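To start, the structure itself, in structure tokens.
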Amino acid sequence: MERQILHVDVNNAFLSWSAIDMLENGSEIDIRTIPAIIGGDESKRSGIVLAKSPIAKSFGIVTGEPIYFAKKKCPGLQVFRGDFEIYHNYSNKLYNLLLEYTDVIERFSIDECFLDMTGFLRGRDLKEVACEINKRVKEELHFTVNVGVAHNKLLAKMASDFEKPDKVHTLFENELETKMWTLQTSELFMLGRKTVPKLLNMQIRTIGDIAKTDKMVLAKKFGKHGQMMWEYANGIDNSPVNNKVELPKSIGNSVTLPSDLKSIAEIHPVVVALAEKVGYRLRKYKLVAKVVNVQLRTKDFVDYSHQKHLPFATSSTKEILKLANEILDIMYKNESIRLVGLRVDDLESEDEVQLSMFSSGNSKQSNLDKTLDEITNRFGVTSITRASRLNIKLNNKKEKNEV
DNA sequence: TCTGGGGTCCTAGGACCC
DNA sequence: TCTGGGGTCCTAGGACCC
């Protein structure tokens with residue numbers, strides 16, 4: 001049976017949501033109507049464009065480019081910092097509105113949802129529902145969305161990417177040739193900047209060219225990716241709308257430093273802070289990890305990483321840190337380092353793991369982690385080191401006792 | 001001239017075993 | 001001296017997404 005799928009995509013999500021928030025807090029200007037972007041902090045070397053207003057876009061500014069470039073393209077450009085707490089709030093408001101239409105919603109990202117309307121239409125037309133969602137979001141939540149209407153996720157997503165903003169588009173199988181095959185290959189989902197030039201070398205310029213190429217030729221050249229792009233170009237996608245909230249398969253944090261680090265002694269404290277962050281998040285999910293991975297980026301933008309297995313699955317900050325330091329000692333080659341990253345892999349649920357005598361379940365270390373986690377829960381994530389954070393806790397306790 | 005941070009999935013090559 | 005063929009596991013790196 002044919003499935004009835006919608007893809008809802010917030011237009012200029014971060015910029016729109018910041019705009020609404022500022023208006024609600026008494027701002028006189030709507031940053032959606034001026035040359036504006038949401039971006040990072042240039043002085044901390046994290047200055048890239050995360051979202052742009054339509055006027056900023058008309059100056060040729062693209063998402064992901066350095067703010068420095070954006071300013072050159074558009075003198076007078078206003079730059080605003082993002083706030084992910086606010087964004088999560090608006091994302092939840094959208095999700096709750098969509099829940100009125102179907103139980104089967106996949107939150108694909110903070111600003112995108114897939115809806116499986118199969119069995120929830122109650123005699124209504126799929127496109128009519130899409131138009132109603134588009135209208136209600138605008139009227140009730142004060143931002144706009146594009147809605148893609150199709151019979152599978154891939155085509156719904158491609159449809160929502162057509163003309164923006166505030167539009168509803170269909171992409172049914174009989175519309176492939178006119179609406180999708182004419183587009184450049186770069187427009188196809190999962191075709192990125194590395195693959196497009198390779199296709200061009202094969203005289204493949206449009207999505208239609210991919211669709212008409214022998215699937216085996218693409219499979220031979222690009223492996224699984226090649227088979228997938230052929231299927232996508234032909235509008236084939238049987239993946240279900242997954243409404244289950246899945247546990248993460250890896251947890252990592254990384255940081256670009258305000259200036260390059262030039263010795264292992266300078267890198268160590270960064271790894272400590274990252275291990276605390278990663279350990280905290282791991283314990284929040286009640287997961288344990290078996291693999292630790294350290295990533296470095298040199299001043300010349302060369303990335304490299306090393307990983308090692310932990311002796312036992314754990315969520316202990318101390319154990320993760322210990323192995324991370326071992327890895328760092330092995331891999332560091334006296335270069336100038338721009339970014340340090342730490343991630344844990346091969347995650348398992350805490351209670352599915354047999355706790356060994358040394359593992360995190362019954363040790364002093366576990367109590368220390370718990371204590372520090374409580375502080376983090378109360379005061380938020382800080383960059384205070386473990387030793388000094390423990391002091392805060394002790395002082396805190398003292399005050400309590402005195403009261 | 002400057003280039004974020006969070007992820008998932010795939011692949012190639014080496015080590016090791018039978 | 002010249003020399004197999006699977007299979008699995010592990011690691012590093014790359015491509016892509018938002």
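Here, A, B, ... name the chains of the structure tokens in the order displayed, residue numbers run from 1 inside each chain, and ligands are numbered from 1 in the same displayed order.
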
Next on the checklist: Need the shell around DG4 in chain B: protein/DNA/RNA residues with any atom at most 8 Å away, counting only C-alpha atoms (C1' of nucleotides). Skip same-chain ones fewer than 2 positions apart. Format as a PyMOL selection string?
Outcome noted: chain A and resi 40+46-48+256

Resulting file, chosen residues, N, CA and C atoms, as a CSV table (one decimal), in the first residue's frame:
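Generated output (selection_27.csv):
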chain,number,residue,atom,x,y,z
A,40,GLY,N,28.9,32.2,14.9
A,40,GLY,CA,29.7,32.0,16.1
A,40,GLY,C,30.5,33.2,16.5
A,46,SER,N,35.6,30.6,16.0
A,46,SER,CA,34.4,29.7,15.7
A,46,SER,C,33.4,30.5,14.9
A,47,GLY,N,33.9,31.3,14.0
A,47,GLY,CA,33.1,32.3,13.3
A,47,GLY,C,32.6,31.8,12.0
A,48,ILE,N,31.5,31.0,12.0
A,48,ILE,CA,30.9,30.6,10.7
A,48,ILE,C,29.4,30.9,10.7
A,256,THR,N,37.4,24.1,19.3
A,256,THR,CA,38.4,24.9,18.6
A,256,THR,C,39.0,25.9,19.6

Next on the checklist: With DSSP run on the backbone, what are the strand (DSSP E or B) residues within range 277-316 of chain A? I'd like them as a VMD selection string.
Outcome noted: chain A and resid 287 to 298 303 to 314

How close does each residue of chain C get to range 7-15 of chain B, giving the shortest atom pair and distance in Å to one decimal for every residue with an atom at most 12 Å away, counting only C-alpha atoms (C1' of nucleotides), sorted by chain and residue number, as a Markdown table?
| residue | atom | partner | partner_atom | distance |
| --- | --- | --- | --- | --- |
| C:DT8 | C1' | B:DA15 | C1' | 10.5 |
| C:DC9 | C1' | B:DA15 | C1' | 8.7 |
| C:DC10 | C1' | B:DA15 | C1' | 8.4 |
| C:DT11 | C1' | B:DG14 | C1' | 8.8 |
| C:DA12 | C1' | B:DA12 | C1' | 9.4 |
| C:DG13 | C1' | B:DT11 | C1' | 9.1 |
| C:DG14 | C1' | B:DT11 | C1' | 8.7 |
| C:DA15 | C1' | B:DC10 | C1' | 8.6 |
| C:DC16 | C1' | B:DT8 | C1' | 8.8 |
| C:DC17 | C1' | B:DG7 | C1' | 8.3 |
| C:DC18 | C1' | B:DG7 | C1' | 9.1 |

For C-alpha atoms (C1' of nucleotides), I'd like the residues from the last selection saved as a PDB file, in the first residue's frame.
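Contents of result09.pdb, freshly written:
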ATOM      1  C1'  DT C   8      36.850 -11.789  11.558  1.00  0.00           C
ATOM      2  C1'  DC C   9      38.265  -7.969  14.136  1.00  0.00           C
ATOM      3  C1'  DC C  10      40.320  -3.604  14.588  1.00  0.00           C
ATOM      4  C1'  DT C  11      41.798   1.007  13.232  1.00  0.00           C
ATOM      5  C1'  DA C  12      42.101   5.338  10.626  1.00  0.00           C
ATOM      6  C1'  DG C  13      40.083   8.147   7.618  1.00  0.00           C
ATOM      7  C1'  DG C  14      36.531   9.953   4.674  1.00  0.00           C
ATOM      8  C1'  DA C  15      31.847  11.362   3.092  1.00  0.00           C
ATOM      9  C1'  DC C  16      27.736  13.077   4.314  1.00  0.00           C
ATOM     10  C1'  DC C  17      23.980  15.143   7.170  1.00  0.00           C
ATOM     11  C1'  DC C  18      21.926  19.266  10.081  1.00  0.00           C
TER      12       DC C  18
END

Next on the checklist: Could you tell me which residues of chain A sit within 9 Å of chain B when counting only C-alpha atoms (C1' of nucleotides), and give me the result as a ChimeraX atom specification?
Outcome noted: /A:40,45-48,50,64-69,224-225,248-256,301

Could you write those residues out with C-alpha atoms, as a tab-separated table (two decimals), in the first residue's frame?
chain	number	residue	atom	x	y	z
A	40	GLY	CA	29.71	31.95	16.12
A	45	ARG	CA	37.88	31.28	15.85
A	46	SER	CA	34.45	29.69	15.66
A	47	GLY	CA	33.07	32.27	13.31
A	48	ILE	CA	30.94	30.59	10.69
A	50	LEU	CA	24.78	29.11	10.89
A	64	GLY	CA	28.90	27.39	6.73
A	65	GLU	CA	31.13	30.11	5.33
A	66	PRO	CA	33.36	32.22	7.59
A	67	ILE	CA	31.69	35.31	9.00
A	68	TYR	CA	34.70	37.25	7.75
A	69	PHE	CA	33.71	36.43	4.16
A	224	LYS	CA	26.88	1.14	-1.58
A	225	HIS	CA	26.74	4.89	-1.96
A	248	PRO	CA	23.17	7.52	20.80
A	249	LYS	CA	25.80	5.23	19.25
A	250	SER	CA	28.63	7.59	20.15
A	251	ILE	CA	29.05	10.66	22.34
A	252	GLY	CA	31.72	13.25	21.70
A	253	ASN	CA	32.75	16.81	22.36
A	254	SER	CA	35.34	18.89	20.61
A	255	VAL	CA	36.60	22.44	20.88
A	256	THR	CA	38.41	24.85	18.59
A	301	PHE	CA	43.42	21.91	9.08

Item to check | Atom-to-atom span, CA of Leu274 in chain A and CA of Val49 in chain A, Å | outcome: 24.6 Å

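Coordinates place CA of Leu328 in chain A at a distance of 18.2 Å from CA of Ala289 in chain A.
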
Next on the checklist: Taking the DSSP secondary structure from the backbone, can you list the residues of range 73-187 of chain A that are alpha helix (DSSP H), as a VMD selection string?
Outcome noted: chain A and resid 73 84 to 98 126 to 136 153 to 160
